[in-house]
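Raw contents of protein15.txt, compact mmCIF, C-alpha atoms and all ligand atoms:
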```
# COMPACT_ATOMS: atom_id res chain seq x y z
CA MET B 1 99.58 93.82 77.17
CA LYS B 2 95.82 94.23 76.74
CA LEU B 3 94.15 93.66 73.39
CA HIS B 4 91.01 95.39 72.18
CA GLU B 5 87.93 93.28 71.50
CA TYR B 6 88.36 93.43 67.73
CA GLN B 7 92.03 92.39 68.05
CA ALA B 8 91.18 89.58 70.45
CA LYS B 9 88.58 88.29 68.00
CA GLU B 10 91.10 88.38 65.15
CA VAL B 11 93.46 86.27 67.22
CA LEU B 12 90.80 83.84 68.42
CA SER B 13 89.17 83.27 65.05
CA LYS B 14 92.52 81.97 63.75
CA PHE B 15 92.18 79.17 66.29
CA GLY B 16 88.66 78.36 65.14
CA VAL B 17 86.74 80.23 67.84
CA PRO B 18 83.51 81.43 66.18
CA THR B 19 83.01 85.21 66.23
CA LEU B 20 80.86 87.61 64.22
CA PRO B 21 82.34 89.65 61.35
CA GLY B 22 83.01 93.35 61.81
CA PHE B 23 85.17 96.37 61.02
CA VAL B 24 87.12 98.67 63.30
CA CYS B 25 86.26 102.33 62.61
CA THR B 26 87.55 105.72 63.71
CA THR B 27 84.98 107.97 61.99
CA ALA B 28 81.19 108.06 61.58
CA ASP B 29 81.68 107.71 57.80
CA GLU B 30 83.52 104.44 58.32
CA CYS B 31 80.74 103.21 60.63
CA GLU B 32 78.16 103.83 57.92
CA LYS B 33 80.27 102.02 55.32
CA ALA B 34 80.92 99.10 57.67
CA ALA B 35 77.19 98.71 58.34
CA THR B 36 76.50 98.81 54.58
CA ASP B 37 79.10 96.12 53.93
CA LEU B 38 77.86 93.91 56.77
CA GLY B 39 74.19 94.34 55.89
CA GLY B 40 71.33 93.94 58.37
CA LEU B 41 71.37 94.86 62.04
CA VAL B 42 74.71 95.87 63.50
CA VAL B 43 76.14 96.71 66.91
CA VAL B 44 78.54 99.63 67.41
CA LYS B 45 80.97 98.90 70.25
CA ALA B 46 83.49 101.20 71.94
CA GLN B 47 87.03 99.77 71.80
CA VAL B 48 88.71 100.54 75.10
CA HIS B 49 90.79 98.42 77.47
CA ALA B 50 87.94 98.01 79.95
CA GLY B 51 84.80 95.97 80.35
CA GLY B 52 81.37 97.15 81.41
CA ARG B 53 80.96 99.07 78.16
CA GLY B 54 77.37 97.96 77.62
CA LYS B 55 76.07 99.54 80.83
CA ALA B 56 78.23 102.63 80.27
CA GLY B 57 76.57 103.37 76.91
CA GLY B 58 79.44 102.09 74.80
CA VAL B 59 77.52 99.29 73.01
CA LYS B 60 74.60 100.32 70.76
CA LEU B 61 72.38 98.50 68.31
CA ALA B 62 71.79 100.10 64.89
CA LYS B 63 69.14 98.97 62.42
CA ASP B 64 70.64 100.49 59.26
CA PRO B 65 73.77 102.28 57.99
CA ALA B 66 72.37 105.75 58.81
CA GLU B 67 71.76 104.73 62.40
CA ALA B 68 75.21 103.10 62.57
CA ARG B 69 76.66 106.46 61.53
CA ALA B 70 74.72 108.28 64.26
CA LYS B 71 75.62 105.74 66.96
CA GLY B 72 79.25 105.79 65.83
CA ALA B 73 79.32 109.59 66.04
CA ALA B 74 77.89 109.42 69.57
CA ILE B 75 80.30 106.79 70.89
CA LEU B 76 83.49 108.02 69.17
CA GLY B 77 84.95 110.76 71.33
CA MET B 78 82.83 109.95 74.37
CA THR B 79 84.44 109.49 77.76
CA LEU B 80 83.37 106.04 78.82
CA ILE B 81 83.06 105.53 82.57
CA SER B 82 82.60 101.99 83.88
CA PRO B 83 83.57 100.25 87.14
CA GLN B 84 86.72 99.10 85.31
CA THR B 85 87.90 102.53 84.05
CA GLY B 86 88.09 104.47 87.30
CA PRO B 87 86.09 107.66 87.86
CA GLU B 88 87.97 109.67 85.22
CA GLY B 89 86.90 107.25 82.45
CA VAL B 90 88.64 106.68 79.11
CA LEU B 91 88.31 108.45 75.79
CA VAL B 92 86.85 106.28 73.00
CA ARG B 93 89.03 106.56 69.90
CA LYS B 94 87.83 103.51 67.98
CA VAL B 95 84.63 101.50 67.61
CA PHE B 96 83.98 98.01 66.29
CA VAL B 97 80.98 97.78 64.00
CA THR B 98 79.89 94.15 64.01
CA SER B 99 76.89 92.06 62.98
CA ALA B 100 74.15 91.74 65.56
CA CYS B 101 72.81 88.33 66.50
CA ASP B 102 69.64 86.97 68.06
CA ILE B 103 70.69 85.92 71.53
CA GLU B 104 69.03 82.91 73.10
CA ARG B 105 71.30 82.60 76.16
CA GLU B 106 74.44 84.29 77.53
CA HIS B 107 77.13 82.40 79.47
CA TYR B 108 80.51 83.21 80.95
CA VAL B 109 83.82 81.50 80.14
CA ALA B 110 87.32 82.65 81.04
CA ILE B 111 90.82 81.21 81.20
CA THR B 112 93.51 82.51 83.47
CA LEU B 113 96.52 81.25 85.35
CA ASP B 114 96.04 79.76 88.82
CA ARG B 115 99.35 80.62 90.43
CA ALA B 116 98.76 78.45 93.49
CA LYS B 117 98.17 75.38 91.31
CA GLY B 118 100.66 76.45 88.66
CA LEU B 119 98.16 75.63 85.93
CA PRO B 120 95.79 77.40 83.57
CA VAL B 121 92.19 77.19 84.70
CA VAL B 122 88.96 77.43 82.74
CA MET B 123 86.21 79.15 84.69
CA ALA B 124 82.65 78.87 83.49
CA CYS B 125 79.34 80.16 84.74
CA LYS B 126 75.86 79.64 83.43
CA GLU B 127 74.93 83.22 84.20
CA GLY B 128 76.79 85.24 81.60
CA GLY B 129 76.45 88.80 80.45
CA VAL B 130 77.29 91.78 82.52
CA GLU B 131 77.03 90.76 86.20
CA ILE B 132 79.80 88.19 86.65
CA GLU B 133 81.58 90.20 89.37
CA GLU B 134 78.39 90.07 91.45
CA ILE B 135 78.18 86.29 91.09
CA ALA B 136 81.85 85.81 91.98
CA ALA B 137 81.29 87.82 95.16
CA HIS B 138 77.94 86.35 96.31
CA ASN B 139 77.64 82.90 94.81
CA PRO B 140 81.15 81.63 94.05
CA SER B 141 79.97 78.01 93.89
CA ALA B 142 78.10 78.89 90.67
CA ILE B 143 81.49 79.13 88.96
CA LEU B 144 82.92 75.85 87.69
CA ARG B 145 86.68 75.39 87.44
CA GLU B 146 88.62 72.97 85.22
CA TYR B 147 92.42 72.93 85.27
CA PHE B 148 94.50 71.78 82.34
CA ARG B 149 98.15 71.29 81.52
CA PRO B 150 99.48 73.63 78.82
CA ASP B 151 101.12 70.74 76.94
CA GLU B 152 97.97 68.58 76.98
CA GLY B 153 95.28 71.19 76.53
CA LEU B 154 91.72 70.75 77.73
CA PHE B 155 90.55 67.12 77.43
CA ALA B 156 87.24 66.46 75.68
CA PHE B 157 85.74 65.03 78.88
CA GLN B 158 86.56 68.26 80.71
CA ALA B 159 85.03 70.35 77.93
CA ARG B 160 81.90 68.15 78.07
CA LYS B 161 81.69 68.67 81.83
CA ILE B 162 81.72 72.44 81.31
CA ALA B 163 79.18 72.21 78.49
CA PHE B 164 76.87 70.20 80.78
CA ALA B 165 77.23 72.76 83.56
CA LEU B 166 76.24 75.49 81.12
CA GLY B 167 73.30 73.42 79.92
CA LEU B 168 74.75 73.17 76.41
CA THR B 169 73.69 69.63 75.67
CA GLY B 170 72.26 67.83 72.66
CA PRO B 171 73.36 69.28 69.32
CA LEU B 172 75.17 72.17 71.10
CA MET B 173 77.53 69.81 72.95
CA GLY B 174 79.90 69.12 70.06
CA GLU B 175 80.17 72.79 69.12
CA THR B 176 80.83 73.81 72.71
CA VAL B 177 83.57 71.20 73.15
CA LYS B 178 85.33 72.44 70.00
CA PHE B 179 84.86 76.05 71.14
CA LEU B 180 86.40 75.43 74.58
CA GLN B 181 89.32 73.39 73.26
CA ALA B 182 90.11 76.07 70.67
CA LEU B 183 90.00 78.70 73.41
CA CYS B 184 92.48 76.76 75.56
CA LYS B 185 94.77 76.25 72.58
CA ALA B 186 94.76 79.99 71.87
CA PHE B 187 95.44 80.79 75.53
CA VAL B 188 98.58 78.63 75.58
CA ALA B 189 99.86 79.38 72.07
CA ARG B 190 99.54 83.15 72.55
CA ASP B 191 100.93 83.20 76.12
CA CYS B 192 97.82 84.87 77.48
CA SER B 193 97.46 85.89 81.10
CA LEU B 194 93.71 86.34 80.65
CA LEU B 195 91.19 85.26 78.06
CA GLU B 196 87.60 86.10 78.88
CA ILE B 197 84.49 85.46 76.80
CA ASN B 198 81.58 87.27 78.39
CA PRO B 199 79.15 86.57 76.95
CA LEU B 200 79.53 83.31 75.13
CA VAL B 201 76.13 83.21 73.44
CA VAL B 202 73.84 80.61 71.99
CA THR B 203 71.93 82.22 69.15
CA LYS B 204 68.30 81.57 68.28
CA GLN B 205 69.72 79.71 65.25
CA GLY B 206 71.61 77.35 67.58
CA LYS B 207 75.15 78.65 67.08
CA VAL B 208 77.74 79.04 69.85
CA ILE B 209 79.59 82.36 69.44
CA ALA B 210 82.11 84.51 71.32
CA LEU B 211 80.18 87.78 71.42
CA ASP B 212 82.74 89.63 73.53
CA ALA B 213 86.44 88.85 74.02
CA LYS B 214 88.97 90.23 76.42
CA VAL B 215 92.58 89.12 76.03
CA ALA B 216 95.73 90.09 77.90
CA VAL B 217 99.10 88.76 76.71
CA ASP B 218 101.88 88.18 79.23
CA GLU B 219 104.37 91.01 78.62
CA ASN B 220 107.30 88.71 79.41
CA ALA B 221 106.35 86.62 76.38
CA GLU B 222 105.95 89.50 73.96
CA TYR B 223 109.20 88.64 72.23
CA ARG B 224 107.58 85.41 71.08
CA HIS B 225 104.69 87.25 69.48
CA LYS B 226 106.24 89.89 67.26
CA ASP B 227 103.08 89.90 65.13
CA LEU B 228 101.10 91.19 68.11
CA ALA B 229 103.31 94.27 68.47
CA ALA B 230 101.09 96.16 66.00
CA TYR B 231 98.19 95.64 68.44
CA ARG B 232 99.88 97.66 71.16
CA ASP B 233 97.80 100.68 72.05
CA ASP B 234 99.40 102.85 74.71
CA SER B 235 96.83 105.62 74.47
CA GLU B 236 95.24 104.41 77.71
CA THR B 237 98.52 103.66 79.47
CA ASP B 238 100.01 106.16 81.90
CA PRO B 239 102.50 108.14 79.69
CA VAL B 240 105.33 107.82 82.21
CA GLU B 241 104.89 104.05 82.41
CA ALA B 242 104.84 103.88 78.60
CA ARG B 243 108.09 105.87 78.49
CA ALA B 244 109.72 103.55 81.01
CA LYS B 245 108.53 100.52 79.07
CA ALA B 246 109.99 101.91 75.83
CA MET B 247 113.38 102.17 77.60
CA ASP B 248 112.94 98.67 79.06
CA LEU B 249 112.94 99.98 82.62
CA ALA B 250 110.94 98.16 85.29
CA TYR B 251 109.01 101.09 86.75
CA ILE B 252 106.00 101.14 89.05
CA PRO B 253 104.71 104.45 90.45
CA LEU B 254 103.79 104.45 94.15
CA ASP B 255 102.38 106.99 96.62
CA GLY B 256 105.39 107.97 98.75
CA SER B 257 107.97 110.76 98.57
CA ILE B 258 111.34 109.03 98.01
CA GLY B 259 112.32 108.59 94.38
CA CYS B 260 114.38 105.39 94.13
CA LEU B 261 116.80 104.51 91.35
CA VAL B 262 118.21 101.06 91.84
CA ASN B 263 119.72 98.22 89.82
CA GLY B 264 118.24 94.77 90.29
CA ALA B 265 114.74 93.93 91.48
CA GLY B 266 115.93 92.43 94.78
CA LEU B 267 117.96 95.50 95.68
CA ALA B 268 115.02 97.69 94.63
CA MET B 269 112.70 95.83 97.01
CA ALA B 270 115.26 96.07 99.82
CA THR B 271 115.70 99.79 99.17
CA MET B 272 111.97 100.41 99.39
CA ASP B 273 111.80 98.39 102.61
CA ILE B 274 114.64 100.22 104.27
CA CYS B 275 113.23 103.66 103.37
CA LYS B 276 109.93 102.65 104.85
CA PHE B 277 111.69 101.23 107.93
CA HIS B 278 113.33 104.60 108.50
CA GLY B 279 110.07 106.46 108.16
CA ALA B 280 109.25 107.53 104.58
CA ALA B 281 107.52 105.70 101.76
CA PRO B 282 108.99 105.22 98.27
CA ALA B 283 107.52 107.19 95.35
CA ASN B 284 108.27 104.39 92.95
CA PHE B 285 109.87 101.07 92.25
CA LEU B 286 112.51 101.52 89.56
CA ASP B 287 114.94 98.86 88.47
CA VAL B 288 117.30 100.00 85.71
CA GLY B 289 118.50 96.42 85.27
CA GLY B 290 121.80 94.68 85.67
CA GLY B 291 123.70 96.08 82.70
CA ALA B 292 122.04 99.46 82.21
CA SER B 293 123.53 101.93 79.75
CA ARG B 294 124.17 105.58 80.46
CA GLU B 295 121.10 106.48 78.34
CA LYS B 296 118.89 104.19 80.38
CA VAL B 297 120.10 105.66 83.65
CA THR B 298 119.54 109.18 82.29
CA GLU B 299 115.97 108.35 81.26
CA ALA B 300 115.26 106.68 84.61
CA PHE B 301 116.53 109.71 86.47
CA LYS B 302 114.37 112.01 84.33
CA ILE B 303 111.28 109.91 85.02
CA ILE B 304 111.86 110.27 88.77
CA LEU B 305 112.54 114.01 88.50
CA ALA B 306 109.30 114.54 86.57
CA ASP B 307 107.26 113.14 89.48
CA PRO B 308 105.97 116.02 91.65
CA LYS B 309 105.53 113.68 94.65
CA VAL B 310 109.29 113.15 94.87
CA LYS B 311 110.83 115.14 97.75
CA ALA B 312 114.25 113.46 97.67
CA ILE B 313 116.03 110.91 95.50
CA LEU B 314 117.96 107.86 96.58
CA VAL B 315 120.31 106.28 94.07
CA ASN B 316 121.31 102.89 95.40
CA ILE B 317 123.60 100.94 93.12
CA PHE B 318 125.52 97.76 93.52
CA GLY B 319 127.97 97.58 90.63
CA GLY B 320 128.14 93.91 89.75
CA ILE B 321 127.56 93.78 86.03
CA MET B 322 126.64 97.45 86.03
CA LYS B 323 129.62 99.73 86.51
CA CYS B 324 129.46 102.56 89.02
CA ASP B 325 131.13 105.03 86.64
CA VAL B 326 128.48 104.41 83.97
CA LEU B 327 125.79 105.06 86.56
CA ALA B 328 127.51 108.23 87.73
CA GLU B 329 127.72 109.54 84.18
CA GLY B 330 124.01 108.91 83.68
CA VAL B 331 123.08 110.70 86.89
CA VAL B 332 125.27 113.68 86.02
CA ALA B 333 123.89 113.89 82.46
CA ALA B 334 120.29 113.76 83.63
CA ALA B 335 120.81 116.26 86.45
CA ARG B 336 122.41 118.69 83.98
CA ASP B 337 119.65 118.15 81.41
CA VAL B 338 116.65 118.67 83.61
CA GLY B 339 118.08 120.44 86.64
CA LEU B 340 118.08 118.81 90.03
CA ASN B 341 115.36 120.39 92.16
CA VAL B 342 115.34 117.99 95.13
CA PRO B 343 118.06 116.59 97.41
CA LEU B 344 119.99 113.60 96.06
CA VAL B 345 121.52 110.84 98.17
CA VAL B 346 123.84 108.34 96.49
CA ARG B 347 125.09 105.03 97.72
CA LEU B 348 127.48 103.29 95.35
CA GLU B 349 129.30 100.02 95.86
CA GLY B 350 131.07 97.58 93.57
CA THR B 351 132.83 97.70 90.19
CA ASN B 352 134.61 101.00 89.45
CA VAL B 353 133.20 102.57 92.60
CA GLU B 354 136.16 104.95 93.04
CA ARG B 355 135.84 106.22 89.49
CA GLY B 356 132.07 106.64 89.99
CA ARG B 357 132.49 108.65 93.18
CA GLN B 358 135.09 110.81 91.48
CA ILE B 359 132.73 111.60 88.57
CA LEU B 360 129.99 112.61 91.00
CA ALA B 361 132.36 114.69 93.14
CA GLU B 362 133.83 116.54 90.14
CA SER B 363 130.43 117.17 88.54
CA GLY B 364 129.61 120.04 90.85
CA ILE B 365 126.17 118.54 91.47
CA ARG B 366 125.00 118.90 95.05
CA LEU B 367 124.59 115.48 96.50
CA VAL B 368 124.99 113.56 99.72
CA VAL B 369 127.19 110.48 99.67
CA ALA B 370 126.08 107.64 101.94
CA LYS B 371 128.38 104.92 103.20
CA ASP B 372 125.89 102.06 103.39
CA MET B 373 122.18 101.29 103.01
CA THR B 374 121.12 102.28 106.51
CA ASP B 375 123.05 105.52 106.27
CA ALA B 376 121.52 106.17 102.82
CA ALA B 377 117.97 105.53 104.01
CA GLN B 378 118.35 107.74 107.09
CA LYS B 379 119.84 110.54 105.02
CA VAL B 380 117.24 110.43 102.27
CA VAL B 381 114.34 110.28 104.73
CA ALA B 382 115.76 113.31 106.56
CA ALA B 383 116.28 115.14 103.25
CA ALA B 384 112.67 114.48 102.28
CA GLY B 385 111.44 116.16 105.41
CA GLY B 386 111.73 113.33 107.92
CA LYS B 387 109.09 110.97 109.22
P1 LIG B 401 80.87 94.75 77.87
O1 LIG B 401 81.21 93.45 78.50
O2 LIG B 401 82.05 95.67 77.82
O3 LIG B 401 79.67 95.39 78.47
P2 LIG B 401 79.85 93.20 75.61
O4 LIG B 401 80.53 93.00 74.31
O5 LIG B 401 79.82 92.03 76.52
O6 LIG B 401 80.49 94.48 76.31
O7 LIG B 401 78.38 93.69 75.30
C1 LIG B 401 77.42 93.90 76.32
C2 LIG B 401 76.10 93.24 75.92
O8 LIG B 401 75.65 93.76 74.66
C3 LIG B 401 76.21 91.75 75.71
O9 LIG B 401 76.04 91.03 76.91
C4 LIG B 401 75.10 91.47 74.73
O10 LIG B 401 73.86 91.31 75.39
C5 LIG B 401 75.03 92.75 73.90
N1 LIG B 401 75.77 92.58 72.63
C6 LIG B 401 77.07 92.78 72.42
N2 LIG B 401 77.45 92.49 71.15
C7 LIG B 401 76.32 92.10 70.52
C8 LIG B 401 76.03 91.65 69.19
N3 LIG B 401 76.98 91.57 68.24
N4 LIG B 401 74.74 91.32 68.90
C9 LIG B 401 73.78 91.41 69.86
N5 LIG B 401 74.00 91.81 71.11
C10 LIG B 401 75.24 92.17 71.46
MG MG B 402 81.33 91.58 77.98
```
Just give me the structure of the file as structure tokens.
Amino acid sequence: MKLHEYQAKEVLSKFGVPTLPGFVCTTADECEKAATDLGGLVVVKAQVHAGGRGKAGGVKLAKDPAEARAKGAAILGMTLISPQTGPEGVLVRKVFVTSACDIEREHYVAITLDRAKGLPVVMACKEGGVEIEEIAAHNPSAILREYFRPDEGLFAFQARKIAFALGLTGPLMGETVKFLQALCKAFVARDCSLLEINPLVVTKQGKVIALDAKVAVDENAEYRHKDLAAYRDDSETDPVEARAKAMDLAYIPLDGSIGCLVNGAGLAMATMDICKFHGAAPANFLDVGGGASREKVTEAFKIILADPKVKAILVNIFGGIMKCDVLAEGVVAAARDVGLNVPLVVRLEGTNVERGRQILAESGIRLVVAKDMTDAAQKVVAAAGGK
């Protein structure tokens, strides 16, 4: 789950990471009021789940409340297009009006998980600001890496090493060490998958501040962070994926033509493989889970049917915990609700399989019954128009 900048800063400041004050606004009126309350120069920043806002015109300086109102009016409602949004861009619904600061230097710091090492890693680069992707591609040795154990956090000597590499010595050293250790603490405590500060700035007054913040929280750990639920903003998420998520279905849209409804991630992978092996690509990965209810199966089936790429559907169920009759009822209910407009191939095996087959047979729905996975894949590929 991605957080907006203003949300990320709320989270980080609780761990002692220094940020600048600000207000999230949805109207030009609110921008003017926020600028009045903050006093002095402010920056109006688009709040979208993508970086590169500065270059895309989504970050603007305003010298007084009237200008903050005008800049707010211009940014709110704009379609922001940056390398991270894709060509269609994203609609800006909220802005963050925050105090401006006098920047002396901009650096880059991020924490993510190194899966190969099985540890969180702090990455730091002296050149901060907006061109970090360039540096990563052309001069990777300019990026320093420090690994740390989640239970130990970042040691002071490691934080000092990073501070040195960034040139933050003398009176800035102590501040930077505290900053980095707080960041690592937040990363672990909030189960982040990404925490990026770009730029970390040194102000002309000699303060170290997180001027931008990008945070993603591991969705598998969301249950441990109920207080973050209010931060969820699905307005930029694909509506079908959001629907699947609400039903707790593991759903990933793909480019092929075979709609797959399967229980269990392993079986789902095998189903996609065998379809591909027999000549047609899957339109999605969809795992309804081990003990899916009839409602879940119905919703899953509707999601597949709503996809115009789908030329045929393969239901491949192994009834272990899940019962085949429950699955059959879900399929029948969904097909009746939305109308089945493409061929359907079903392969059922396991608990209550006879009862499941009977429900399908008596439903009057037109479907092809397959006897095993190979048979099912061949039949569904043929039904979708062949190779
Ligand atoms: P993005 O990474 O999406 O482009 P940033 O928040 O990093 O957005 O802002 C881009 C640039 O705008 C920063 O590198 C910085 O130079 C400037 N900037 C952002 N916020 C402020 C601020 N509060 N005061 C002064 N300059 C700012
Ligand atoms: Mg940035």
Can you pull out every residue within 10 Å of B:Leu113, counting only C-alpha atoms, but drop anything in the same chain fewer than 4 positions away, and send it as a tab-separated table (two decimals) with C-alpha atoms, in the frame of the given file?
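Output (part_29.tsv):
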```
chain	number	residue	atom	x	y	z
B	117	LYS	CA	98.17	75.38	91.31
B	118	GLY	CA	100.66	76.45	88.66
B	119	LEU	CA	98.16	75.63	85.93
B	120	PRO	CA	95.79	77.40	83.57
B	121	VAL	CA	92.19	77.19	84.70
B	122	VAL	CA	88.96	77.43	82.74
B	147	TYR	CA	92.42	72.93	85.27
B	187	PHE	CA	95.44	80.79	75.53
B	192	CYS	CA	97.82	84.87	77.48
B	193	SER	CA	97.46	85.89	81.10
B	194	LEU	CA	93.71	86.34	80.65
B	195	LEU	CA	91.19	85.26	78.06
```
- request: Can you pull out every residue within 12 Å of B:Asp227, counting only C-alpha atoms, but drop anything in the same chain fewer than 4 positions away, and send it as number ranges by chain?
  value: B: 7, 11, 190, 222-223, 231-232
- request: Could you tell me which of B:Leu228, B:Val310, B:Ile359, B:Val92 comes closest to B:Ala333 if we count only C-alpha atoms?
  value: B:Ile359
Show me which residues sit within 6 Å of ligand LIG 401 (chain B) when counting all atoms listed in the file, and put them as a PDB file with C-alpha atoms, in the frame of the given file.
```
ATOM      1  CA  VAL B  43      76.140  96.710  66.910  1.00  0.00           C
ATOM      2  CA  GLY B  51      84.800  95.970  80.350  1.00  0.00           C
ATOM      3  CA  GLY B  52      81.370  97.150  81.410  1.00  0.00           C
ATOM      4  CA  ARG B  53      80.960  99.070  78.160  1.00  0.00           C
ATOM      5  CA  GLY B  54      77.370  97.960  77.620  1.00  0.00           C
ATOM      6  CA  LYS B  55      76.070  99.540  80.830  1.00  0.00           C
ATOM      7  CA  THR B  98      79.890  94.150  64.010  1.00  0.00           C
ATOM      8  CA  SER B  99      76.890  92.060  62.980  1.00  0.00           C
ATOM      9  CA  ALA B 100      74.150  91.740  65.560  1.00  0.00           C
ATOM     10  CA  CYS B 101      72.810  88.330  66.500  1.00  0.00           C
ATOM     11  CA  GLY B 129      76.450  88.800  80.450  1.00  0.00           C
ATOM     12  CA  VAL B 130      77.290  91.780  82.520  1.00  0.00           C
ATOM     13  CA  ASN B 198      81.580  87.270  78.390  1.00  0.00           C
ATOM     14  CA  PRO B 199      79.150  86.570  76.950  1.00  0.00           C
ATOM     15  CA  LEU B 211      80.180  87.780  71.420  1.00  0.00           C
ATOM     16  CA  ASP B 212      82.740  89.630  73.530  1.00  0.00           C
TER      17      ASP B 212
END
```
- request: Residues within 12 Å of ligand MG 402 (chain B), counting all atoms listed in the file: report them as a PyMOL selection string.
  value: chain B and resi 4-5+45-56+58-59+84+106-110+128-133+195-201+210-215
C-alpha atoms of the current selection, written as an mmCIF file, in the frame of the given file:
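The result, stored in result_33.cif:
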```cif
data_model
loop_
_atom_site.group_PDB
_atom_site.id
_atom_site.type_symbol
_atom_site.label_atom_id
_atom_site.label_comp_id
_atom_site.auth_asym_id
_atom_site.auth_seq_id
_atom_site.Cartn_x
_atom_site.Cartn_y
_atom_site.Cartn_z
ATOM 1 C CA HIS B 4 91.010 95.390 72.180
ATOM 2 C CA GLU B 5 87.930 93.280 71.500
ATOM 3 C CA LYS B 45 80.970 98.900 70.250
ATOM 4 C CA ALA B 46 83.490 101.200 71.940
ATOM 5 C CA GLN B 47 87.030 99.770 71.800
ATOM 6 C CA VAL B 48 88.710 100.540 75.100
ATOM 7 C CA HIS B 49 90.790 98.420 77.470
ATOM 8 C CA ALA B 50 87.940 98.010 79.950
ATOM 9 C CA GLY B 51 84.800 95.970 80.350
ATOM 10 C CA GLY B 52 81.370 97.150 81.410
ATOM 11 C CA ARG B 53 80.960 99.070 78.160
ATOM 12 C CA GLY B 54 77.370 97.960 77.620
ATOM 13 C CA LYS B 55 76.070 99.540 80.830
ATOM 14 C CA ALA B 56 78.230 102.630 80.270
ATOM 15 C CA GLY B 58 79.440 102.090 74.800
ATOM 16 C CA VAL B 59 77.520 99.290 73.010
ATOM 17 C CA GLN B 84 86.720 99.100 85.310
ATOM 18 C CA GLU B 106 74.440 84.290 77.530
ATOM 19 C CA HIS B 107 77.130 82.400 79.470
ATOM 20 C CA TYR B 108 80.510 83.210 80.950
ATOM 21 C CA VAL B 109 83.820 81.500 80.140
ATOM 22 C CA ALA B 110 87.320 82.650 81.040
ATOM 23 C CA GLY B 128 76.790 85.240 81.600
ATOM 24 C CA GLY B 129 76.450 88.800 80.450
ATOM 25 C CA VAL B 130 77.290 91.780 82.520
ATOM 26 C CA GLU B 131 77.030 90.760 86.200
ATOM 27 C CA ILE B 132 79.800 88.190 86.650
ATOM 28 C CA GLU B 133 81.580 90.200 89.370
ATOM 29 C CA LEU B 195 91.190 85.260 78.060
ATOM 30 C CA GLU B 196 87.600 86.100 78.880
ATOM 31 C CA ILE B 197 84.490 85.460 76.800
ATOM 32 C CA ASN B 198 81.580 87.270 78.390
ATOM 33 C CA PRO B 199 79.150 86.570 76.950
ATOM 34 C CA LEU B 200 79.530 83.310 75.130
ATOM 35 C CA VAL B 201 76.130 83.210 73.440
ATOM 36 C CA ALA B 210 82.110 84.510 71.320
ATOM 37 C CA LEU B 211 80.180 87.780 71.420
ATOM 38 C CA ASP B 212 82.740 89.630 73.530
ATOM 39 C CA ALA B 213 86.440 88.850 74.020
ATOM 40 C CA LYS B 214 88.970 90.230 76.420
ATOM 41 C CA VAL B 215 92.580 89.120 76.030
#
```
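Neighbouring residues of B:Ala242 at 12 Å or closer, counting only C-alpha atoms and skipping chain neighbours under 5 positions away, are Met1, Arg232, Asp233, Asp234, Ser235, Glu236, Thr237, Met247, Asp248, Leu249, Ala250, Tyr251, Ile252, Pro253 and Ile303 of chain B.
For the pair atom CA of B:Val332 and atom CA of B:Ser293, the separation is 13.4 Å.
What separates atom CA of B:Pro282 from atom CA of B:Ile258 is a distance of 4.5 Å.
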With N, CA and C atoms as the atom set, please write stretch 230-239 of chain B from the structure just given, as a tab-separated table (two decimals), in the first residue's frame.
```tsv
chain	number	residue	atom	x	y	z
B	230	ALA	N	-6.83	4.16	7.31
B	230	ALA	CA	-7.46	5.42	6.89
B	230	ALA	C	-6.63	6.10	5.79
B	231	TYR	N	-5.38	5.71	5.64
B	231	TYR	CA	-4.52	6.31	4.62
B	231	TYR	C	-4.74	5.69	3.24
B	232	ARG	N	-5.47	4.58	3.20
B	232	ARG	CA	-5.65	3.92	1.91
B	232	ARG	C	-6.36	4.84	0.94
B	233	ASP	N	-5.80	4.99	-0.24
B	233	ASP	CA	-6.41	5.81	-1.28
B	233	ASP	C	-6.39	4.99	-2.56
B	234	ASP	N	-7.56	4.43	-2.89
B	234	ASP	CA	-7.64	3.56	-4.07
B	234	ASP	C	-7.98	4.32	-5.34
B	235	SER	N	-8.03	5.66	-5.25
B	235	SER	CA	-8.47	6.41	-6.44
B	235	SER	C	-7.51	6.23	-7.62
B	236	GLU	N	-6.26	5.85	-7.33
B	236	GLU	CA	-5.32	5.64	-8.44
B	236	GLU	C	-5.14	4.15	-8.76
B	237	THR	N	-5.81	3.29	-7.99
B	237	THR	CA	-5.67	1.86	-8.23
B	237	THR	C	-6.66	1.44	-9.30
B	238	ASP	N	-6.29	0.47	-10.12
B	238	ASP	CA	-7.19	-0.09	-11.10
B	238	ASP	C	-8.46	-0.57	-10.37
B	239	PRO	N	-9.67	-0.12	-10.81
B	239	PRO	CA	-10.89	-0.43	-10.05
B	239	PRO	C	-11.14	-1.93	-9.89
```
